[in-house]
$ cat coords-v7.txt   # compact mmCIF, C-alpha atoms
# COMPACT_ATOMS: atom_id res chain seq x y z
CA MET A 1 -0.06 1.09 9.49
CA LYS A 2 -1.62 0.50 12.89
CA LYS A 3 -0.11 2.07 15.99
CA SER A 4 0.09 -1.30 17.71
CA HIS A 5 2.12 -2.56 14.77
CA ASP A 6 4.47 0.41 15.12
CA ARG A 7 4.77 -0.27 18.84
CA ALA A 8 5.67 -3.90 18.22
CA ILE A 9 8.37 -2.86 15.76
CA LEU A 10 9.82 -0.34 18.21
CA GLU A 11 9.82 -2.90 21.00
CA ASP A 12 11.76 -5.31 18.82
CA LEU A 13 14.17 -2.56 17.87
CA ARG A 14 14.72 -1.64 21.51
CA SER A 15 15.30 -5.23 22.54
CA PRO A 16 18.86 -6.30 23.42
CA ALA A 17 18.41 -9.49 21.37
CA ARG A 18 19.80 -9.15 17.85
CA GLN A 19 17.26 -11.50 16.35
CA ASN A 20 14.48 -9.17 17.54
CA ASN A 21 16.28 -6.17 16.06
CA ASP A 22 16.69 -8.01 12.77
CA ARG A 23 13.02 -8.94 12.74
CA ALA A 24 12.12 -5.27 13.25
CA PHE A 25 14.45 -4.17 10.45
CA ALA A 26 12.90 -6.72 8.10
CA GLU A 27 9.40 -5.55 8.98
CA ILE A 28 10.32 -1.90 8.52
CA TYR A 29 11.86 -2.75 5.17
CA ALA A 30 8.74 -4.59 4.05
CA CYS A 31 6.37 -1.84 5.17
CA HIS A 32 8.25 1.40 4.56
CA TYR A 33 10.92 0.92 1.92
CA ALA A 34 8.50 1.56 -0.94
CA SER A 35 7.52 5.00 0.34
CA VAL A 36 11.15 6.02 0.85
CA GLN A 37 12.03 4.76 -2.61
CA LYS A 38 9.10 6.68 -4.07
CA PHE A 39 10.19 9.89 -2.36
CA ILE A 40 13.84 9.58 -3.45
CA THR A 41 13.08 8.71 -7.06
CA LYS A 42 10.55 11.54 -7.20
CA GLN A 43 13.32 13.87 -6.07
CA GLY A 44 15.54 12.68 -8.92
CA GLY A 45 17.51 10.05 -6.99
CA THR A 46 18.24 6.52 -8.10
CA ASP A 47 17.25 3.19 -6.56
CA GLU A 48 20.75 2.94 -5.19
CA ASP A 49 20.35 6.34 -3.50
CA ALA A 50 17.08 5.11 -2.02
CA GLN A 51 18.78 2.04 -0.59
CA ASP A 52 21.58 4.11 0.92
CA VAL A 53 19.16 6.61 2.41
CA PHE A 54 16.98 3.83 3.77
CA GLN A 55 19.96 2.22 5.46
CA GLU A 56 20.87 5.53 7.09
CA ILE A 57 17.28 5.97 8.26
CA LEU A 58 17.41 2.57 9.94
CA ILE A 59 20.67 3.44 11.68
CA ILE A 60 19.37 6.79 12.90
CA LEU A 61 16.13 5.19 14.04
CA TYR A 62 18.07 2.49 15.86
CA GLU A 63 20.23 5.01 17.67
CA LYS A 64 17.36 7.37 18.48
CA ILE A 65 15.15 4.66 19.87
CA ARG A 66 17.83 3.64 22.32
CA GLN A 67 18.13 7.10 23.80
CA ALA A 68 16.47 7.39 27.19
CA ASP A 69 14.44 10.46 26.23
CA PHE A 70 13.13 9.12 22.91
CA LYS A 71 9.38 9.34 22.44
CA LEU A 72 7.51 8.73 19.22
CA ASP A 73 4.60 11.16 18.97
CA CYS A 74 3.58 10.34 15.42
CA LYS A 75 3.26 7.33 13.14
CA LEU A 76 6.50 5.51 12.42
CA SER A 77 6.05 6.13 8.69
CA THR A 78 5.79 9.90 9.26
CA TYR A 79 8.84 9.88 11.48
CA MET A 80 10.84 7.87 8.96
CA LEU A 81 9.84 10.12 6.09
CA ALA A 82 10.96 13.17 8.09
CA ILE A 83 14.39 11.54 8.64
CA CYS A 84 14.45 10.59 4.97
CA LYS A 85 13.84 14.18 3.84
CA ASN A 86 16.52 15.41 6.19
CA ILE A 87 19.12 12.92 4.98
CA TRP A 88 18.29 13.54 1.35
CA HIS A 89 18.50 17.32 1.64
CA LYS A 90 21.83 17.04 3.45
CA LYS A 91 23.10 14.71 0.76
CA LEU A 92 22.03 17.12 -1.99
CA LYS A 93 23.65 20.00 -0.15
CA ARG A 94 26.89 18.05 0.20
CA LEU A 95 26.81 17.12 -3.48
CA ARG A 96 26.30 20.72 -4.55
CA LEU A 97 29.13 21.82 -2.29
CA GLN A 98 31.43 19.20 -3.76
CA GLN A 99 30.52 20.27 -7.28
CA ASN A 100 31.22 23.90 -6.41
CA ILE A 101 34.61 22.97 -4.94
CA ILE A 102 35.49 20.92 -8.02
CA GLN A 103 34.50 23.78 -10.30
CA GLU A 104 36.41 26.29 -8.21
CA ASN A 105 39.47 24.06 -8.08
CA HIS A 106 39.29 23.53 -11.79
CA LYS A 107 39.36 27.28 -12.36
CA GLN A 108 42.24 27.96 -10.01
CA SER A 109 44.12 24.69 -10.07
CA LEU A 110 47.15 26.08 -11.84
CA LEU A 111 47.26 29.37 -10.01
CA VAL A 112 46.74 28.54 -6.36
CA GLU A 113 48.51 26.00 -4.24
CA GLU A 114 46.00 23.56 -2.88
CA GLU A 115 45.29 23.56 0.82
CA ALA A 116 43.52 20.69 2.51
CA PRO A 117 40.31 21.90 4.14
CA ALA A 118 40.11 21.78 7.92
CA ASP A 119 37.46 19.05 7.59
CA TYR A 120 40.12 16.70 6.25
CA ALA A 121 41.91 16.74 9.60
CA ILE A 122 38.73 15.70 11.40
CA ILE A 123 38.01 12.97 8.88
CA SER A 124 41.55 11.60 9.13
CA ASP A 125 41.32 11.68 12.95
CA GLU A 126 38.10 9.69 12.80
CA LYS A 127 39.64 7.25 10.36
CA ARG A 128 42.67 6.84 12.56
CA LEU A 129 40.53 6.19 15.62
CA MET A 130 38.54 3.63 13.68
CA GLU A 131 41.75 1.92 12.69
CA LEU A 132 42.87 1.83 16.29
CA LEU A 133 39.58 0.19 17.22
CA SER A 134 40.37 -2.63 14.87
CA HIS A 135 43.41 -3.41 17.04
CA LEU A 136 41.15 -4.26 19.97
CA SER A 137 40.20 -7.86 20.62
CA PRO A 138 36.80 -8.81 19.08
CA ASP A 139 35.28 -9.11 22.57
CA CYS A 140 36.51 -5.71 23.64
CA ARG A 141 35.27 -4.09 20.48
CA GLU A 142 31.89 -5.75 20.93
CA ILE A 143 31.53 -4.72 24.57
CA LEU A 144 32.33 -1.10 23.76
CA ARG A 145 29.86 -1.15 20.88
CA LEU A 146 27.17 -2.70 23.05
CA TYR A 147 27.70 -0.08 25.73
CA TYR A 148 28.14 3.11 23.71
CA PHE A 149 26.28 2.38 20.47
CA ASP A 150 23.59 -0.11 21.45
CA ARG A 151 23.33 1.56 24.88
CA LEU A 152 22.78 -1.72 26.70
CA SER A 153 23.03 -1.81 30.46
CA MET A 154 25.84 -3.75 32.12
CA ARG A 155 23.34 -6.43 33.07
CA GLN A 156 22.21 -6.79 29.45
CA ILE A 157 25.83 -6.84 28.25
CA ALA A 158 26.62 -9.60 30.74
CA GLU A 159 23.68 -11.61 29.37
CA VAL A 160 24.57 -11.03 25.73
CA MET A 161 28.27 -11.80 26.23
CA GLY A 162 27.64 -14.70 28.57
CA TYR A 163 29.44 -13.25 31.62
CA ASN A 164 28.66 -14.41 35.10
CA SER A 165 27.72 -11.04 36.49
CA GLU A 166 27.16 -7.39 35.77
CA GLN A 167 30.41 -6.59 37.61
CA VAL A 168 32.41 -8.76 35.22
CA ALA A 169 30.95 -6.85 32.31
CA LYS A 170 31.70 -3.54 34.01
CA ASN A 171 35.34 -4.47 34.69
CA LYS A 172 35.77 -5.79 31.20
CA LYS A 173 34.38 -2.60 29.66
CA SER A 174 36.70 -0.41 31.80
CA ARG A 175 39.68 -2.50 30.81
CA CYS A 176 38.76 -2.30 27.12
CA MET A 177 38.45 1.46 27.32
CA GLN A 178 41.89 1.62 28.97
CA VAL A 179 43.36 -0.52 26.22
CA LEU A 180 41.86 1.79 23.63
CA ARG A 181 43.24 4.84 25.41
CA ARG A 182 46.67 3.24 25.54
CA LEU A 183 46.48 2.51 21.82
CA VAL A 184 45.62 6.12 21.19
CA ASP A 185 48.50 7.26 23.44
CA LYS A 186 50.97 5.16 21.54
CA ASP A 187 49.71 6.28 18.17
CA PRO A 188 52.32 8.50 16.55
CA ASN A 189 49.73 10.27 14.41
CA LYS A 190 47.46 11.35 17.21
CA THR A 191 46.36 14.92 16.67
CA SER A 192 43.33 16.85 17.74
CA PHE A 193 41.36 13.84 18.93
CA PHE A 194 43.56 13.51 21.95
CA PRO A 195 44.85 16.98 22.67
CA LYS A 196 46.83 16.88 25.88
CA GLU A 197 48.31 14.68 28.51
CA ASP A 198 46.08 12.22 30.21
CA TYR A 199 43.35 13.50 32.46
CA GLU A 200 42.40 11.39 35.39
CA VAL A 201 39.53 9.37 34.00
CA MET B 1 36.82 18.91 40.77
CA ARG B 2 37.88 15.55 39.39
CA TYR B 3 35.54 13.41 37.36
CA SER B 4 35.73 9.68 36.73
CA ALA B 5 35.26 7.91 33.40
CA GLN B 6 31.89 6.82 34.74
CA ALA B 7 30.84 10.46 35.03
CA PHE B 8 31.88 11.09 31.43
CA ASP B 9 29.90 8.03 30.41
CA ASP B 10 26.87 9.16 32.37
CA TYR B 11 26.96 12.52 30.64
CA LEU B 12 27.45 11.04 27.17
CA LEU B 13 24.76 8.42 27.68
CA GLN B 14 22.31 10.96 29.17
CA LYS B 15 22.21 9.22 32.51
CA MET B 16 22.84 12.31 34.64
CA ILE B 17 20.00 13.96 36.49
CA PRO B 18 19.47 17.62 35.47
CA SER B 19 21.32 19.10 38.49
CA GLU B 20 24.35 16.84 37.93
CA LYS B 21 24.33 17.67 34.25
CA ARG B 22 24.21 21.40 34.96
CA ALA B 23 27.09 21.17 37.45
CA PHE B 24 29.16 19.11 35.02
CA GLU B 25 28.61 21.59 32.20
CA GLU B 26 29.56 24.48 34.49
CA ASP B 27 32.79 22.68 35.40
CA LEU B 28 33.47 21.96 31.77
CA ALA B 29 33.11 25.63 30.96
CA ALA B 30 35.39 26.69 33.81
CA ASP B 31 38.12 24.02 33.65
CA SER B 32 40.07 23.84 30.40
CA GLU B 33 41.94 20.71 31.48
CA LEU B 34 38.67 18.91 32.14
CA ARG B 35 37.31 20.17 28.84
CA GLU B 36 40.24 18.75 26.91
CA ALA B 37 40.08 15.42 28.74
CA PHE B 38 36.37 15.19 28.12
CA GLU B 39 36.82 16.10 24.47
CA ALA B 40 39.39 13.33 24.07
CA TYR B 41 37.13 10.87 25.84
CA SER B 42 34.08 11.79 23.80
CA ASN B 43 36.19 11.43 20.63
CA LEU B 44 36.88 7.84 21.67
CA VAL B 45 33.23 7.24 22.40
CA GLY B 46 32.36 8.87 19.06
CA ALA B 47 34.73 6.48 17.32
CA VAL B 48 33.16 3.50 19.10
CA ARG B 49 29.73 4.69 18.02
CA GLU B 50 30.90 5.12 14.44
CA ASP B 51 32.28 1.60 14.66
CA GLY B 52 28.83 0.47 15.82
CA ARG B 53 27.24 2.25 12.86
CA GLN B 54 29.67 0.60 10.46
CA GLU B 55 28.93 -2.79 11.93
CA LEU B 56 25.19 -2.17 11.68
CA ARG B 57 25.59 -0.93 8.10
CA TYR B 58 27.40 -4.16 7.27
CA ARG B 59 24.68 -6.20 8.97
CA LEU B 60 21.91 -4.33 7.15
CA THR B 61 23.61 -4.78 3.78
CA ARG B 62 23.78 -8.52 4.37
CA MET B 63 20.16 -8.62 5.52
CA ARG B 64 18.91 -6.59 2.57
CA LEU B 65 19.60 -9.38 0.13
CA ASP B 66 17.42 -11.64 2.22
CA TRP B 67 14.70 -8.97 2.53
CA ASP B 68 14.65 -8.42 -1.22
CA LYS B 69 14.14 -12.14 -1.74
CA ARG B 70 11.38 -12.19 0.86
CA LEU B 71 9.76 -9.07 -0.58
CA LYS B 72 9.77 -10.59 -4.06
CA ARG B 73 8.29 -13.80 -2.69
CA ARG B 74 5.68 -11.80 -0.82
CA SER B 75 4.75 -9.83 -3.92
CA TRP B 76 4.41 -13.05 -5.93
CA ILE B 77 2.24 -14.52 -3.22
CA ARG B 78 0.13 -11.36 -3.24
CA ARG B 79 -0.20 -11.42 -7.01
CA GLY B 80 -1.08 -15.10 -6.93
CA ALA B 81 -3.67 -14.49 -4.25
CA ALA B 82 -5.16 -11.59 -6.23
CA VAL B 83 -5.43 -13.73 -9.37
CA LEU B 84 -6.96 -16.56 -7.36
CA ILE B 85 -9.51 -14.25 -5.74
CA GLY B 86 -10.34 -12.80 -9.15
CA LEU B 87 -10.86 -16.25 -10.62
CA LEU B 88 -13.01 -17.28 -7.69
CA ALA B 89 -15.12 -14.13 -8.01
CA VAL B 90 -15.64 -14.67 -11.74
CA SER B 91 -16.52 -18.35 -11.23
CA LEU B 92 -18.93 -17.46 -8.45
CA PHE B 93 -20.55 -14.82 -10.61
CA LEU B 94 -20.89 -17.23 -13.52
CA TYR B 95 -22.17 -20.00 -11.25
CA LEU B 96 -24.77 -17.74 -9.67
CA SER B 97 -25.88 -16.27 -12.98
CA TYR B 98 -26.36 -19.75 -14.42
CA THR B 99 -27.96 -21.38 -11.42
CA SER B 100 -30.03 -18.60 -9.92
CA LYS B 101 -33.76 -19.06 -10.40
CA ARG B 102 -35.71 -15.92 -11.10
CA SER B 103 -39.46 -15.89 -10.58
CA PRO B 104 -41.79 -15.53 -13.64
CA PRO B 105 -42.77 -11.91 -12.80
CA GLU B 106 -39.07 -11.03 -12.42
CA LEU B 107 -38.28 -12.59 -15.77
CA PHE B 108 -41.25 -10.84 -17.35
CA GLU B 109 -40.07 -7.48 -15.96
CA ALA B 110 -36.59 -8.11 -17.26
CA PHE B 111 -37.62 -9.07 -20.79
CA TYR B 112 -40.89 -7.28 -21.53
CA GLU B 113 -41.04 -4.04 -23.46
CA PRO B 114 -44.37 -2.79 -24.87
CA ALA B 115 -44.66 -2.71 -28.64
CA GLU B 116 -44.18 0.66 -30.22
CA LEU B 117 -46.84 2.07 -32.49
CA PRO B 118 -45.47 2.68 -35.97
CA ASP B 119 -45.40 6.19 -37.41
CA SER B 120 -47.94 5.19 -40.07
CA ILE B 121 -50.61 4.68 -37.43
CA ALA B 122 -49.74 7.86 -35.63
CA GLY B 123 -49.89 9.66 -38.97
CA ALA B 124 -53.28 8.18 -39.80
CA ALA B 125 -54.73 8.97 -36.41
CA PRO B 126 -55.89 12.55 -37.10
CA PHE B 127 -58.22 11.27 -39.87
CA ASP B 128 -59.94 8.62 -37.86
CA PRO B 129 -61.25 9.48 -34.42
CA VAL B 130 -61.15 5.82 -33.30
CA TRP B 131 -57.46 5.44 -34.12
CA LYS B 132 -56.76 8.86 -32.75
CA ASP B 133 -58.19 8.02 -29.34
CA PHE B 134 -56.50 4.60 -29.26
CA VAL B 135 -53.09 6.00 -30.19
CA GLU B 136 -53.35 8.82 -27.65
CA ALA B 137 -54.47 6.55 -24.82
CA TYR B 138 -51.85 3.86 -25.64
CA GLN B 139 -49.03 6.34 -25.86
CA GLN B 140 -50.01 7.79 -22.51
CA GLY B 141 -50.08 4.31 -20.98
CA LEU B 142 -53.83 4.46 -20.43
CA PHE B 143 -54.34 0.90 -21.64
CA ALA B 144 -57.87 0.36 -20.26
CA GLU B 145 -59.10 3.42 -22.14
CA ALA B 146 -57.29 2.33 -25.27
CA LEU B 147 -59.02 -1.03 -25.14
CA GLN B 148 -62.44 0.60 -24.69
CA VAL B 149 -62.15 2.74 -27.79
CA LEU B 150 -60.92 -0.07 -30.02
CA PRO B 151 -62.99 -3.25 -29.94
CA VAL B 152 -61.10 -6.28 -31.16
CA THR B 153 -63.43 -6.95 -34.06
CA ILE B 154 -62.80 -3.52 -35.53
CA LEU B 155 -59.12 -3.94 -34.89
CA LEU B 156 -58.65 -7.21 -36.68
CA GLU B 157 -60.91 -6.41 -39.58
CA ALA B 158 -60.28 -2.76 -40.14
CA THR B 159 -56.59 -2.23 -39.79
CA GLU B 160 -54.10 -3.25 -42.37
CA ASP B 161 -51.09 -2.53 -40.24
CA PRO B 162 -50.37 -5.59 -38.07
CA LYS B 163 -48.27 -3.44 -35.73
CA VAL B 164 -51.50 -2.21 -34.25
CA TRP B 165 -52.32 -5.79 -33.33
CA MET B 166 -49.15 -5.86 -31.28
CA ALA B 167 -50.09 -2.61 -29.60
CA TYR B 168 -53.55 -3.99 -28.82
CA GLY B 169 -52.04 -7.11 -27.23
CA CYS B 170 -49.64 -4.98 -25.24
CA ALA B 171 -52.57 -2.88 -24.03
CA LEU B 172 -54.11 -6.14 -22.75
CA ILE B 173 -50.81 -6.90 -20.99
CA GLY B 174 -50.87 -3.36 -19.64
CA VAL B 175 -54.17 -4.01 -17.88
CA GLY B 176 -52.89 -7.35 -16.60
CA ASP B 177 -55.14 -9.52 -18.75
CA PHE B 178 -52.48 -12.04 -19.73
CA SER B 179 -54.83 -14.84 -20.84
CA ARG B 180 -56.68 -12.59 -23.29
CA ALA B 181 -53.36 -11.19 -24.45
CA ALA B 182 -51.99 -14.73 -24.97
CA ARG B 183 -55.09 -15.67 -26.95
CA HIS B 184 -54.85 -12.46 -29.00
CA PHE B 185 -51.19 -13.06 -29.91
CA GLY B 186 -51.96 -16.70 -30.67
CA SER B 187 -54.99 -15.97 -32.89
CA PRO B 188 -54.49 -17.11 -36.51
CA THR B 189 -54.68 -13.58 -37.97
CA VAL B 190 -51.92 -12.31 -35.74
CA ALA B 191 -49.79 -15.42 -35.37
CA HIS B 192 -49.71 -16.32 -39.03
CA ASN B 193 -49.07 -12.90 -40.43
CA THR B 194 -45.65 -12.76 -42.09
CA PHE B 195 -44.77 -9.43 -40.52
CA THR B 196 -45.86 -10.13 -36.99
CA ALA B 197 -45.37 -13.90 -36.52
CA ASP B 198 -42.08 -13.65 -34.56
CA GLU B 199 -43.22 -10.69 -32.47
CA ALA B 200 -46.52 -12.44 -31.71
CA LYS B 201 -44.70 -15.58 -30.59
CA TRP B 202 -42.45 -13.52 -28.32
CA TYR B 203 -45.29 -11.64 -26.62
CA GLN B 204 -47.38 -14.79 -26.37
CA ALA B 205 -44.46 -16.57 -24.73
CA LEU B 206 -44.16 -13.75 -22.19
CA CYS B 207 -47.89 -13.98 -21.43
CA LEU B 208 -47.65 -17.75 -21.00
CA LEU B 209 -44.72 -17.22 -18.65
CA GLN B 210 -46.84 -14.94 -16.49
CA LEU B 211 -49.64 -17.51 -16.57
CA GLY B 212 -47.25 -20.23 -15.40
CA GLN B 213 -47.55 -22.26 -18.62
CA PHE B 214 -43.81 -22.87 -18.87
CA GLU B 215 -44.00 -25.79 -21.28
CA ALA B 216 -45.97 -23.86 -23.90
CA CYS B 217 -43.83 -20.79 -23.27
CA ALA B 218 -40.64 -22.80 -23.82
CA ASN B 219 -41.97 -24.29 -27.06
CA LEU B 220 -42.56 -20.84 -28.53
CA LEU B 221 -39.17 -19.58 -27.34
CA GLN B 222 -37.47 -22.64 -28.83
CA VAL B 223 -38.88 -21.76 -32.27
CA LEU B 224 -37.50 -18.22 -32.03
CA ALA B 225 -34.18 -19.32 -30.55
CA ALA B 226 -33.64 -21.91 -33.26
CA ASP B 227 -34.07 -19.39 -36.06
CA PRO B 228 -31.18 -16.93 -36.22
CA ASP B 229 -33.13 -14.65 -38.55
CA ALA B 230 -36.12 -14.42 -36.25
CA ASP B 231 -36.95 -11.24 -34.39
CA PHE B 232 -36.20 -11.54 -30.68
CA HIS B 233 -33.86 -14.48 -31.46
CA ALA B 234 -31.22 -13.52 -28.88
CA GLN B 235 -33.69 -12.58 -26.14
CA ALA B 236 -35.60 -15.81 -26.74
CA GLY B 237 -32.41 -17.85 -26.27
CA ARG B 238 -31.62 -16.15 -22.97
CA LEU B 239 -35.17 -16.37 -21.66
CA LEU B 240 -35.45 -20.01 -22.72
CA LYS B 241 -32.52 -20.95 -20.42
CA GLN B 242 -34.29 -19.30 -17.49
CA VAL B 243 -37.65 -20.84 -18.30
CA GLN B 244 -36.10 -24.30 -18.56
CA ARG B 245 -34.92 -23.89 -14.97
CA LEU B 246 -38.49 -23.08 -13.93
CA ARG B 247 -39.85 -26.16 -15.65

$ encode --input "coords-v7.txt" --output "structure tokens"
Amino acid sequence: MKKSHDRAILEDLRSPARQNNDRAFAEIYACHYASVQKFITKQGGTDEDAQDVFQEILIILYEKIRQADFKLDCKLSTYMLAICKNIWHKKLKRLRLQQNIIQENHKQSLLVEEEAPADYAIISDEKRLMELLSHLSPDCREILRLYYFDRLSMRQIAEVMGYNSEQVAKNKKSRCMQVLRRLVDKDPNKTSFFPKEDYEV
Amino acid sequence: MRYSAQAFDDYLLQKMIPSEKRAFEEDLAADSELREAFEAYSNLVGAVREDGRQELRYRLTRMRLDWDKRLKRRSWIRRGAAVLIGLLAVSLFLYLSYTSKRSPPELFEAFYEPAELPDSIAGAAPFDPVWKDFVEAYQQGLFAEALQVLPVTILLEATEDPKVWMAYGCALIGVGDFSRAARHFGSPTVAHNTFTADEAKWYQALCLLQLGQFEACANLLQVLAADPDADFHAQAGRLLKQVQRLR
């Protein structure tokens, strides 16, 4: 694939306009899915695994590209394959670990009282936070996503959301964050994710 | 030192300049209250980012159905295009091979192969110096010398193996004397001999082709092409098509 083609894809992916992002995703899918699928099936994975891995690659790529210090020094296909290998090896590692735990539990299930691993607490905290996010208004949720996940500037957020000015977007974002913090404060199950009394932020 | 939410955001979104970042990290290390507040804040931001990932995952899943459709359509279009190009290439090849005109010398080169001397002649050669010299010269491609040692009168009267007549004619072709060769292959002794009639017609036709007598050439080829049992039947059919284009 030509470098100029890669550049065009990255530009579309970096763009604040969703339709440009979607166009880039479609182009990446058309040009690079086959190689990812080939790699995964060669490694013993299924087509479904390949689709999952490919989706994760797109998400990682999307997040990486929006970081200020991101620079692509190689071809997009090479970069994507490197991410693919990484994801796949992590997935295999996790699978092996799970199998080991199941086998171990099976051996000792009647003898030892089960203890939830420490990871469970983190996962449940994350889940709880995600649930709390669903209590936000759709606009609030969108603004926070645009700011923290899509890393858009306040000016870009104002354009996307149709606000009159950057300041409106800024105020709105601050208010949404406060609402989220209040939701967290009120949550009876809050644990490690919000350790102490409020700090002045 | 107190930090605002904006400062936390700047750190998390990598918007701090290196000196600010260093100072913030030093404060984080020194101030446990700040560390806890920052941890809580970054947990919230982490959750928002995870929410963004989920939303993108959902979007990508929806889009994938459309991509698969498009990809399938694209692959069908590609296959169709490949088949079309293949068909066009084959048609072009067939069209060119049927319509291209090759010059008489080109056709002659493509179809002519000198007659081989039969083993019987080669075997008889040691006993007769005339044959011996002819066979040696012919086999070495020294056609002028071969013709010198074997005058045509001796050839036609003395030999009983008509294959030698073919070799003699081919020696004439070898020296470029196509009219004499055509006459030789067309002479009654050669042309009417049961064993050599077809071969004589074929070589005579080739000579006539070189001489530009396409009509006469085509007539001879037609006789061979019409008879499926004739020697050179297939070659005659192919050459006839080309000669007809020249006419």

$ closest_residue --input "coords-v7.txt" --among "B:Asp231, B:Glu26, B:Asp10, B:Glu136" --to "chain A" --atoms "only C-alpha atoms"
B:Asp10

$ closest_residue --input "coords-v7.txt" --among "A:Gln51, A:Thr78, A:Gln103, A:Ser174" --to "Tyr33 (chain A)" --atoms "all atoms listed in the file"
A:Gln51

$ closest_atom_pairs --input "coords-v7.txt" --of "chain B" --to "chain A" --cutoff "7 Å" --atoms "all atoms listed in the file" --output "CSV"
residue,atom,partner,partner_atom,distance
B:Tyr3,CA,A:Val201,CA,6.6
B:Ser4,CA,A:Val201,CA,4.7
B:Ala5,CA,A:Val201,CA,4.6
B:Glu36,CA,A:Pro195,CA,6.5
B:Ala37,CA,A:Tyr199,CA,5.3
B:Ala40,CA,A:Phe194,CA,4.7
B:Asn43,CA,A:Phe193,CA,6.0
B:Val45,CA,A:Tyr148,CA,6.7
B:Ala47,CA,A:Met130,CA,6.0
B:Val48,CA,A:Arg145,CA,6.0
B:Arg49,CA,A:Phe149,CA,4.8
B:Asp51,CA,A:Met130,CA,6.7
B:Gly52,CA,A:Arg145,CA,5.4
B:Arg53,CA,A:Ile59,CA,6.8
B:Arg57,CA,A:Gln55,CA,7.0
B:Trp67,CA,A:Ala26,CA,6.3
B:Leu71,CA,A:Ala30,CA,6.5

$ atom_distance --input "coords-v7.txt" --atom1 "CA of Pro105 (chain B)" --atom2 "CA of Val149 (chain B)"
28.5 Å

$ atom_distance --input "coords-v7.txt" --atom1 "CA of Asn105 (chain A)" --atom2 "CA of Leu92 (chain A)"
19.7 Å

$ closest_residue --input "coords-v7.txt" --among "A:Asp139, A:Asp6, A:Glu104, A:Glu48" --to "Cys74 (chain A)" --atoms "all atoms listed in the file"
A:Asp6

$ residues_around --input "coords-v7.txt" --residues "Ala234 (chain B)" --least-positions-apart "6" --cutoff "10 Å" --atoms "only C-alpha atoms" --output "compact mmCIF listing (two decimals) with C-alpha atoms, in the coordinates of the input"
# COMPACT_ATOMS: atom_id res chain seq x y z
CA LEU B 224 -37.50 -18.22 -32.03
CA ALA B 225 -34.18 -19.32 -30.55
CA ALA B 226 -33.64 -21.91 -33.26
CA ASP B 227 -34.07 -19.39 -36.06
CA PRO B 228 -31.18 -16.93 -36.22
CA LEU B 240 -35.45 -20.01 -22.72

$ atom_distance --input "coords-v7.txt" --atom1 "CA of Pro104 (chain B)" --atom2 "CA of Met166 (chain B)"
21.4 Å

$ closest_residue --input "coords-v7.txt" --among "B:Ala137, B:Ala167, B:Leu172, B:Leu208" --to "Leu221 (chain B)" --atoms "all atoms listed in the file"
B:Leu208

$ closest_residue --input "coords-v7.txt" --among "A:Trp88, A:Phe70, A:Phe54, A:Tyr79" --to "Lys42 (chain A)" --atoms "only C-alpha atoms"
A:Trp88

$ axis_aligned_box --input "coords-v7.txt" --around "region 155-168 of chain A" --padding-each-side "8 Å" --output "JSON"
{"center_x": 27.3, "center_y": -10.6, "center_z": 31.7, "size_x": 26.2, "size_y": 24.3, "size_z": 27.9}

$ residues_around --input "coords-v7.txt" --residues "Phe8 (chain B)" --least-positions-apart "5" --cutoff "8 Å" --atoms "all atoms listed in the file" --output "ChimeraX atom specification"
/B:3,38,41-42

$ decode --input "coords-v7.txt" --residues "region 127-142 of chain A" --atoms "C-alpha atoms" --output "mmCIF file, in the first residue's frame"
data_model
loop_
_atom_site.group_PDB
_atom_site.id
_atom_site.type_symbol
_atom_site.label_atom_id
_atom_site.label_comp_id
_atom_site.auth_asym_id
_atom_site.auth_seq_id
_atom_site.Cartn_x
_atom_site.Cartn_y
_atom_site.Cartn_z
ATOM 1 C CA LYS A 127 -18.259 -2.020 35.739
ATOM 2 C CA ARG A 128 -19.789 0.132 38.427
ATOM 3 C CA LEU A 129 -18.256 3.281 36.977
ATOM 4 C CA MET A 130 -19.557 2.326 33.555
ATOM 5 C CA GLU A 131 -23.009 1.884 35.023
ATOM 6 C CA LEU A 132 -22.811 5.297 36.625
ATOM 7 C CA LEU A 133 -21.916 6.781 33.252
ATOM 8 C CA SER A 134 -25.148 5.469 31.867
ATOM 9 C CA HIS A 135 -26.978 7.705 34.346
ATOM 10 C CA LEU A 136 -25.559 10.802 32.663
ATOM 11 C CA SER A 137 -27.615 12.613 30.057
ATOM 12 C CA PRO A 138 -26.745 11.536 26.460
ATOM 13 C CA ASP A 139 -25.207 14.965 25.789
ATOM 14 C CA CYS A 140 -23.030 14.836 28.869
ATOM 15 C CA ARG A 141 -21.858 11.348 28.095
ATOM 16 C CA GLU A 142 -21.052 12.384 24.531
#
